[in-house]
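Peer 1: First the structure, which I've put down as structure tokens, then a few questions once you've had a look.
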Amino acid sequence: MIRVEREIFDIGAEIEALTAGRTDIGAVVSFTGLVRDFNDGSPVTGLTLEHYPGMTERELEKIENEARNRWNLQVSLIIHRYGDMALGEPIVLVVTASPHRQDAFDAALFLMDWLKTKAPFWKQETSTEGETTWVKERQSDFNAAHRWKSNT
Amino acid sequence: MIRVEREIFDIGAEIEALTAGRTDIGAVVSFTGLVRDFNDGSPVTGLTLEHYPGMTERELEKIENEARNRWNLQVSLIIHRYGDMALGEPIVLVVTASPHRQDAFDAALFLMDWLKTKAPFWKQETSTEGETTWVKERQSDFNAAHRWKSNT
Amino acid sequence: MKILYFAWLKTKLQMSAETVDWSEERADIDSLVRWMKARGPAFAEIFSDLEVVRIAVNQEYVTENIPLDDGDEIAFFPPVTGG
Amino acid sequence: MKILYFAWLKTKLQMSAETVDWSEERADIDSLVRWMKARGPAFAEIFSDLEVVRIAVNQEYVTENIPLDDGDEIAFFPPVTGG
């Protein structure tokens, strides 16, 4: 399941909704990305996320399908926000559930790594002086995504 | 932070309490283990967890300290329940927070792997016929813990 | 053809979308990019280094030259930074 | 010395704790285990395969022979299965 939305989400309520009434799930992993007050050594006072409506949903669905093909997942969820966000607010949530913890962990990390390099979102940071700057991509994100490449 | 308790915990409230008011956390990973209706191919109707009061807390603290030595963690939490649990109920919660997602993921998986082989808890399953059986340890858990051994 | 720009490409061009008629000189990705480069200094700068420009046609990434149709939606944007 | 049993060791011995006086024949882990084995069939069975018995002294795992004191808390239990 994927959602692209402006509103803040409630991590606990999302996990609860995914697992409620089920007794076949053994392991649930969640990842939440939050707005930090520092990036690349500079103070940040706020964040705005732009995205490409339509393509974003397509890409997130592709990434989720890929994870479900690679691992034994009973449930998966990606929520990604766009628009203006204050410090400490959640930006992205990934939840995976599986009978086995390794699958849930691997799939959640994979979803984040691929999302970071494929989903069409762009961060714009606000500095202490009120200036806005487009965030630069990170080589470490590219490397992290690359390790999941299949040999085919 | 570690807690050993009989009561059910609220995953969302625990994560919220750990991160509330902080703007320096970039990544939060949570792992929740739930009571499954199946184990090793047999239906299960309930679970009872015995533990070794005193030693349990010591071991969980050691494991948490080891994780904090190995990774850049801003927050960590282990909650483990004991006593009787119904199907679908949470057994264990691990939460890690870090500026970077890889640290949060690695530390959470490490905490679970070590906890599974070191923390003195023993599961007793109830079968459909009402019989109770002590759960056998898994070689896969031993192997998972072993990969984190340091070379020293 | 509908052309979309995102993030700093949009900022630099001061434009988020425009419509460009299909023509022989914009019949595929490579020729569209060549035509873009010649439109002025901001375009020339952006399209001088294709390493930092991602291209999507009808909301799918393209990394090779493909033919374009009049109804296509073509997007130009920098490497993504979400998550 | 306080002796604790957990999980199926407790079930098999029908006992979760007992007090055993310190003596020369129970002065360290190895001699305590030898003494345990000789206490009867259930003890003999449990302590025949030390691969499946974990030992803690004063709530710390021990894997080697160490001397015991009268005030020690010694626990015997199977491999753990929590999480």
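To be explicit about the labels: the chains of the structure tokens are called A, B, and onward in the order shown, and within each one the residues are counted from 1, while ligands get numbers from 1 in the order they are shown.
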At a cut-off of 12 Å, using only C-alpha atoms, what residues contact Ala145 in chain B? Leave out same-chain residues fewer than 5 positions from it and give the result as a count of residues only.
Peer 2: 16
Peer 1: Once you count only C-alpha atoms, which residues of chain B turn out to be within 9 Å of chain A? Could you give them as number ranges by chain?
Peer 2: B: 10-16, 19-38, 87-89, 99, 101-102, 104-105, 108-109, 112
Peer 1: Mind giving me the straight-line distance from CA of Arg81 in chain B to CA of Glu5 in chain B in Å, one decimal?
Peer 2: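 Atom-to-atom, CA of Arg81 in chain B and CA of Glu5 in chain B are spaced 4.9 Å apart.
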Peer 1: As a ChimeraX atom specification, list the residues of chain B assigned to alpha helix (DSSP H) by DSSP on the backbone atoms of this structure.
Peer 2: /B:11-19,55-70,101-118,139-146
Peer 1: Which residues come within 7 Å of Val20 in chain D, counting only C-alpha atoms, excluding same-chain residues fewer than 2 positions away, as JSON, numbers by chain?
Peer 2: {"D": [1, 2, 18, 22]}
Peer 1: Mind checking which residues fall within 9 Å of Tyr52 in chain B, counting only C-alpha atoms, ignoring those fewer than 6 positions away in the same chain, and posting them as a list in words?
Peer 2: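 Contacts, in chain order: Ala119, Pro120 and Phe121 of chain B; Phe6 and Gln59 of chain D.
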Peer 1: Range 53-56 of chain C: which residues within 8 Å, counting only C-alpha atoms, same-chain residues fewer than 2 positions away excluded, as a list of chain:residue names?
Peer 2: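 The residues satisfying every condition are C:Ile46, C:Phe47, C:Asp49, C:Leu50, C:Glu51, C:Asn58, C:Gln59, C:Glu60, C:Tyr61, C:Val62, C:Thr63, C:Ile74, C:Ala75, C:Phe76, C:Phe77, C:Pro78, C:Pro79.
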Peer 1: Write out, as an mmCIF file, in the first residue's frame, the residues just selected, with C-alpha atoms.
Peer 2:
data_model
loop_
_atom_site.group_PDB
_atom_site.id
_atom_site.type_symbol
_atom_site.label_atom_id
_atom_site.label_comp_id
_atom_site.auth_asym_id
_atom_site.auth_seq_id
_atom_site.Cartn_x
_atom_site.Cartn_y
_atom_site.Cartn_z
ATOM 1 C CA ILE C 46 20.987 23.137 -17.433
ATOM 2 C CA PHE C 47 21.318 20.826 -20.412
ATOM 3 C CA ASP C 49 25.628 18.438 -18.109
ATOM 4 C CA LEU C 50 23.141 15.633 -18.640
ATOM 5 C CA GLU C 51 24.654 13.772 -15.664
ATOM 6 C CA ASN C 58 4.905 9.707 -19.571
ATOM 7 C CA GLN C 59 6.028 9.366 -15.932
ATOM 8 C CA GLU C 60 8.606 6.649 -16.617
ATOM 9 C CA TYR C 61 12.358 7.174 -16.428
ATOM 10 C CA VAL C 62 14.140 7.059 -19.784
ATOM 11 C CA THR C 63 17.887 6.625 -20.064
ATOM 12 C CA ILE C 74 8.229 14.872 -20.820
ATOM 13 C CA ALA C 75 9.743 15.795 -17.447
ATOM 14 C CA PHE C 76 13.223 17.117 -16.672
ATOM 15 C CA PHE C 77 14.455 17.081 -13.093
ATOM 16 C CA PRO C 78 17.575 16.702 -10.936
ATOM 17 C CA PRO C 79 18.491 13.517 -9.017
#
Peer 1: What parts of chain C does DSSP call strand (DSSP E)? I'd like the answer as a list in words.
Peer 2: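 These are the residues in question: Lys2, Ile3, Leu4, Tyr5, Ala17, Glu18, Thr19, Arg54, Ile55, Ala56, Val57, Glu60, Tyr61, Glu73, Ile74, Ala75, Phe76 and Phe77 of chain C.
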Peer 1: With C-alpha atoms retained, could you export that selection as a PDB file, in the first residue's frame?
Peer 2:
ATOM      1  CA  LYS C   2       3.798  18.798 -22.338  1.00  0.00           C
ATOM      2  CA  ILE C   3       7.151  19.636 -20.741  1.00  0.00           C
ATOM      3  CA  LEU C   4       7.576  19.667 -16.932  1.00  0.00           C
ATOM      4  CA  TYR C   5      10.454  20.996 -14.823  1.00  0.00           C
ATOM      5  CA  ALA C  17       5.463  23.524 -17.245  1.00  0.00           C
ATOM      6  CA  GLU C  18       5.076  24.503 -20.870  1.00  0.00           C
ATOM      7  CA  THR C  19       3.616  23.093 -24.067  1.00  0.00           C
ATOM      8  CA  ARG C  54      16.884  13.027 -15.144  1.00  0.00           C
ATOM      9  CA  ILE C  55      14.345  12.534 -17.910  1.00  0.00           C
ATOM     10  CA  ALA C  56      10.922  10.902 -17.709  1.00  0.00           C
ATOM     11  CA  VAL C  57       8.502  10.327 -20.577  1.00  0.00           C
ATOM     12  CA  GLU C  60       8.606   6.649 -16.617  1.00  0.00           C
ATOM     13  CA  TYR C  61      12.358   7.174 -16.428  1.00  0.00           C
ATOM     14  CA  GLU C  73       4.493  14.298 -21.131  1.00  0.00           C
ATOM     15  CA  ILE C  74       8.229  14.872 -20.820  1.00  0.00           C
ATOM     16  CA  ALA C  75       9.743  15.795 -17.447  1.00  0.00           C
ATOM     17  CA  PHE C  76      13.223  17.117 -16.672  1.00  0.00           C
ATOM     18  CA  PHE C  77      14.455  17.081 -13.093  1.00  0.00           C
TER      19      PHE C  77
END
Peer 1: Do a neighbour search on Ser31 in chain D at 12 Å with only C-alpha atoms, toss out local chain neighbours closer than 4 positions, and write the hits as a list in words.
Peer 2: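 Residues near the query, excluding close chain neighbours: Trp22, Ser23, Glu24, Glu25, Arg26, Ala27, Trp35, Met36, Lys37, Ala38, Asn65, Ile66, Pro67 and Leu68 of chain D.
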Peer 1: Next, the residues of the selection above should be written as an mmCIF file, in the first residue's frame with N, CA, C and O atoms.
Peer 2:
data_model
loop_
_atom_site.group_PDB
_atom_site.id
_atom_site.type_symbol
_atom_site.label_atom_id
_atom_site.label_comp_id
_atom_site.auth_asym_id
_atom_site.auth_seq_id
_atom_site.Cartn_x
_atom_site.Cartn_y
_atom_site.Cartn_z
ATOM 1 N N TRP D 22 27.031 -25.136 50.715
ATOM 2 C CA TRP D 22 28.352 -25.228 50.108
ATOM 3 C C TRP D 22 29.098 -26.360 50.799
ATOM 4 O O TRP D 22 28.953 -26.577 52.009
ATOM 5 N N SER D 23 29.877 -27.132 50.039
ATOM 6 C CA SER D 23 30.741 -28.156 50.647
ATOM 7 C C SER D 23 31.906 -28.400 49.704
ATOM 8 O O SER D 23 31.889 -27.935 48.557
ATOM 9 N N GLU D 24 32.893 -29.122 50.171
ATOM 10 C CA GLU D 24 34.079 -29.405 49.352
ATOM 11 C C GLU D 24 33.685 -30.113 48.058
ATOM 12 O O GLU D 24 34.290 -29.886 47.015
ATOM 13 N N GLU D 25 32.652 -30.965 48.122
ATOM 14 C CA GLU D 25 32.273 -31.704 46.905
ATOM 15 C C GLU D 25 31.410 -30.857 45.957
ATOM 16 O O GLU D 25 31.020 -31.340 44.902
ATOM 17 N N ARG D 26 31.102 -29.611 46.354
ATOM 18 C CA ARG D 26 30.354 -28.701 45.471
ATOM 19 C C ARG D 26 31.066 -27.341 45.475
ATOM 20 O O ARG D 26 30.426 -26.293 45.535
ATOM 21 N N ALA D 27 32.389 -27.371 45.394
ATOM 22 C CA ALA D 27 33.185 -26.155 45.567
ATOM 23 C C ALA D 27 33.376 -25.365 44.273
ATOM 24 O O ALA D 27 33.811 -24.216 44.295
ATOM 25 N N TRP D 35 27.935 -33.613 41.200
ATOM 26 C CA TRP D 35 27.074 -33.933 42.339
ATOM 27 C C TRP D 35 25.603 -33.991 41.915
ATOM 28 O O TRP D 35 24.856 -34.881 42.304
ATOM 29 N N MET D 36 25.195 -33.027 41.052
ATOM 30 C CA MET D 36 23.807 -32.978 40.559
ATOM 31 C C MET D 36 23.441 -34.274 39.828
ATOM 32 O O MET D 36 22.388 -34.859 40.075
ATOM 33 N N LYS D 37 24.331 -34.685 38.929
ATOM 34 C CA LYS D 37 24.087 -35.890 38.119
ATOM 35 C C LYS D 37 23.755 -37.108 38.962
ATOM 36 O O LYS D 37 23.018 -38.000 38.540
ATOM 37 N N ALA D 38 24.337 -37.168 40.154
ATOM 38 C CA ALA D 38 24.202 -38.346 41.014
ATOM 39 C C ALA D 38 22.970 -38.302 41.909
ATOM 40 O O ALA D 38 22.743 -39.214 42.717
ATOM 41 N N ASN D 65 34.781 -23.511 34.227
ATOM 42 C CA ASN D 65 34.686 -23.885 35.635
ATOM 43 C C ASN D 65 35.148 -22.730 36.516
ATOM 44 O O ASN D 65 36.221 -22.178 36.301
ATOM 45 N N ILE D 66 34.305 -22.329 37.467
ATOM 46 C CA ILE D 66 34.725 -21.288 38.411
ATOM 47 C C ILE D 66 34.382 -21.746 39.823
ATOM 48 O O ILE D 66 33.457 -22.534 40.016
ATOM 49 N N PRO D 67 35.148 -21.267 40.828
ATOM 50 C CA PRO D 67 34.863 -21.644 42.218
ATOM 51 C C PRO D 67 33.543 -21.027 42.681
ATOM 52 O O PRO D 67 33.143 -19.972 42.191
ATOM 53 N N LEU D 68 32.894 -21.703 43.614
ATOM 54 C CA LEU D 68 31.610 -21.234 44.125
ATOM 55 C C LEU D 68 31.739 -20.843 45.592
ATOM 56 O O LEU D 68 32.531 -21.429 46.337
#
Peer 1: From the list B:Met85, B:Leu47, B:Met55, B:Leu18, which residue is nearest chain D when using only C-alpha atoms?
Peer 2: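 That would be B:Met55, the residue with the smallest distance to chain D.
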